[in-house]
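Okay, model_23.csv is below, CSV, C-alpha atoms:
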```csv
chain,number,residue,atom,x,y,z
A,1,MET,CA,93.0,105.5,119.3
A,2,SER,CA,95.0,104.9,116.1
A,3,GLU,CA,93.7,105.5,112.6
A,4,TRP,CA,92.6,103.0,110.0
A,5,ILE,CA,95.2,102.3,107.3
A,6,ASP,CA,94.4,101.1,103.8
A,7,VAL,CA,95.9,97.8,102.8
A,8,CYS,CA,94.4,97.2,99.4
A,9,GLU,CA,91.2,97.0,97.4
A,10,THR,CA,89.1,94.0,98.4
A,11,ASP,CA,89.4,92.6,94.9
A,12,ALA,CA,93.2,92.6,95.1
A,13,LEU,CA,93.3,90.0,97.9
A,14,LYS,CA,91.5,86.8,96.7
A,15,PRO,CA,90.5,84.1,99.1
A,16,GLY,CA,93.6,82.1,100.2
A,17,ASP,CA,95.9,85.1,99.4
A,18,HIS,CA,97.9,87.3,101.7
A,19,ARG,CA,99.7,90.6,101.6
A,20,VAL,CA,102.5,91.8,103.9
A,21,ILE,CA,102.7,95.5,104.7
A,22,ASP,CA,104.9,97.7,106.9
A,23,LEU,CA,103.0,99.3,109.7
A,24,ASP,CA,105.4,101.8,111.3
A,25,GLY,CA,108.3,99.3,111.3
A,26,THR,CA,106.2,96.2,112.0
A,27,GLU,CA,105.5,93.7,109.3
A,28,VAL,CA,101.8,92.8,109.3
A,29,ALA,CA,100.4,89.9,107.2
A,30,VAL,CA,96.8,90.4,106.0
A,31,PHE,CA,94.9,87.3,104.8
A,32,ASN,CA,91.7,86.7,103.0
A,33,VAL,CA,90.1,83.5,104.5
A,34,ASP,CA,86.9,82.8,102.5
A,35,GLY,CA,86.1,86.5,102.2
A,36,GLU,CA,87.0,87.4,105.8
A,37,PHE,CA,90.1,89.5,106.3
A,38,HIS,CA,92.5,88.9,109.2
A,39,ALA,CA,95.7,90.6,110.1
A,40,ILE,CA,98.5,89.3,112.3
A,41,GLU,CA,102.1,90.4,113.1
A,42,ASP,CA,104.2,88.6,110.5
A,43,VAL,CA,106.5,86.8,113.1
A,44,CYS,CA,106.4,83.4,114.6
A,45,THR,CA,106.6,83.7,118.4
A,46,HIS,CA,108.7,80.6,118.5
A,47,ASP,CA,111.8,81.9,116.8
A,48,GLY,CA,111.0,85.3,115.3
A,49,ALA,CA,110.9,84.2,111.6
A,50,GLU,CA,108.3,85.4,109.2
A,51,ILE,CA,105.1,83.3,109.1
A,52,ALA,CA,103.1,84.7,106.2
A,53,SER,CA,104.6,82.3,103.7
A,54,GLY,CA,103.4,79.3,105.7
A,55,GLU,CA,100.5,77.0,104.6
A,56,LEU,CA,97.0,78.1,105.2
A,57,ASP,CA,94.6,75.5,106.6
A,58,GLY,CA,91.3,77.3,106.8
A,59,ALA,CA,91.8,80.1,109.3
A,60,VAL,CA,95.0,78.5,110.6
A,61,ILE,CA,98.5,79.5,109.5
A,62,VAL,CA,101.3,76.9,109.8
A,63,CYS,CA,104.8,78.3,110.4
A,64,PRO,CA,107.0,77.3,107.4
A,65,ARG,CA,110.1,76.8,109.6
A,66,HIS,CA,109.0,74.5,112.5
A,67,GLY,CA,105.3,73.9,112.0
A,68,ALA,CA,103.8,75.9,114.9
A,69,ARG,CA,100.1,76.6,114.1
A,70,PHE,CA,98.2,79.8,114.9
A,71,CYS,CA,94.5,80.8,114.6
A,72,LEU,CA,94.3,83.9,112.3
A,73,LYS,CA,91.1,85.0,113.9
A,74,THR,CA,92.4,85.1,117.5
A,75,GLY,CA,96.2,84.8,117.2
A,76,GLU,CA,96.0,81.8,119.6
A,77,VAL,CA,98.9,79.3,119.3
A,78,LEU,CA,97.4,75.9,118.6
A,79,CYS,CA,100.5,73.7,118.8
A,80,PRO,CA,104.2,73.8,119.7
A,81,PRO,CA,106.9,74.6,119.3
A,82,ALA,CA,105.4,78.1,119.8
A,83,TYR,CA,103.8,78.9,123.2
A,84,GLU,CA,103.0,82.6,122.8
A,85,ASP,CA,100.0,83.9,120.9
A,86,LEU,CA,100.4,86.3,117.9
A,87,HIS,CA,99.1,89.8,117.9
A,88,VAL,CA,95.9,90.2,115.8
A,89,PHE,CA,95.2,93.6,114.3
A,90,PRO,CA,91.6,94.9,113.9
A,91,THR,CA,90.5,94.7,110.3
A,92,ARG,CA,87.5,96.1,108.4
A,93,VAL,CA,86.3,96.8,104.9
A,94,GLU,CA,85.4,100.4,104.1
A,95,ASN,CA,84.4,101.6,100.6
A,96,CYS,CA,85.8,98.3,99.0
A,97,ARG,CA,89.1,98.7,100.8
A,98,VAL,CA,90.7,96.4,103.3
A,99,GLN,CA,91.9,98.4,106.3
A,100,ILE,CA,93.8,97.6,109.5
A,101,ARG,CA,94.4,99.5,112.7
A,102,ASP,CA,97.4,99.4,115.0
A,103,ASP,CA,95.8,98.9,118.4
A,104,ARG,CA,98.9,97.9,120.3
A,105,TRP,CA,99.2,101.2,122.1
A,106,ASP,CA,95.5,101.9,122.7
```

Starting from the file, give its structure as structure tokens.
Amino acid sequence: MSEWIDVCETDALKPGDHRVIDLDGTEVAVFNVDGEFHAIEDVCTHDGAEIASGELDGAVIVCPRHGARFCLKTGEVLCPPAYEDLHVFPTRVENCRVQIRDDRWD
């Protein structure tokens, strides 16, 4: 099992904000959605472009290039042109720090 990695202090990521970090060569976008933290791989499965700069609609991220929509909680694709889900990374808050874990190889 992989270790938990600090992203930032909880106060540093306000509701509606996001932060992109490098996790062993993979860009991961961490979002604060009404006080809940969610982390996804920062790549649209439609064309491989970054997705973190897209519009947030509640817990849904809209790809800024072609409008594909994904659920931040589950990674599920909600509308085309994407058809593959996003990878969602486990998140937690520990000692006022947002943390993520790379579970892709578990």

Can you measure CA of Asp34 in chain A to CA of Leu72 in chain A for me? One decimal in Å is fine.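 These atoms are spaced 12.3 Å apart.
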
State, in Å with one decimal place, the distance from CA of Asn95 in chain A to CA of Ile5 in chain A.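 Pair CA of Asn95 in chain A / CA of Ile5 in chain A returns 12.7 Å.
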
What is the CA of Cys71 in chain A-CA of Glu36 in chain A distance in Å, reported with one decimal? 13.3 Å

In terms of the shortest atom-to-atom distance over only C-alpha atoms, which of A:Cys79, A:Val43, A:Cys96, A:Ile61 is closest to Asp17 in chain A?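 Once distances to Asp17 in chain A are computed over only C-alpha atoms, the minimum belongs to A:Ile61.
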
Would you mind listing what lies within 10 Å of Val62 in chain A as a list in words, with only C-alpha atoms counted and same-chain residues fewer than 2 positions away left out?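 Answer for this query is Cys44, Ile51, Ala52, Ser53, Gly54, Glu55, Leu56, Asp57, Val60, Pro64, Arg65, His66, Gly67, Ala68, Arg69, Phe70, Cys71, Leu78 and Cys79 of chain A.
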
Point out the residue among A:Asp11, A:Cys63, A:Ser2, A:Leu23 with the least atom-to-atom distance to Asp106 in chain A, counting all atoms listed in the file.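 That would be A:Ser2, the residue with the smallest distance to Asp106 in chain A.
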
Please provide as a list in words all residues within 7 Å of range 81-86 of chain A, with the sequence filter that same-chain residues fewer than 3 positions apart are discarded (counting all atoms listed in the file).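 The neighbour list is Ile40, Glu41, Thr45, His46, Ala68, Gly75, Glu76 and Val77 of chain A.
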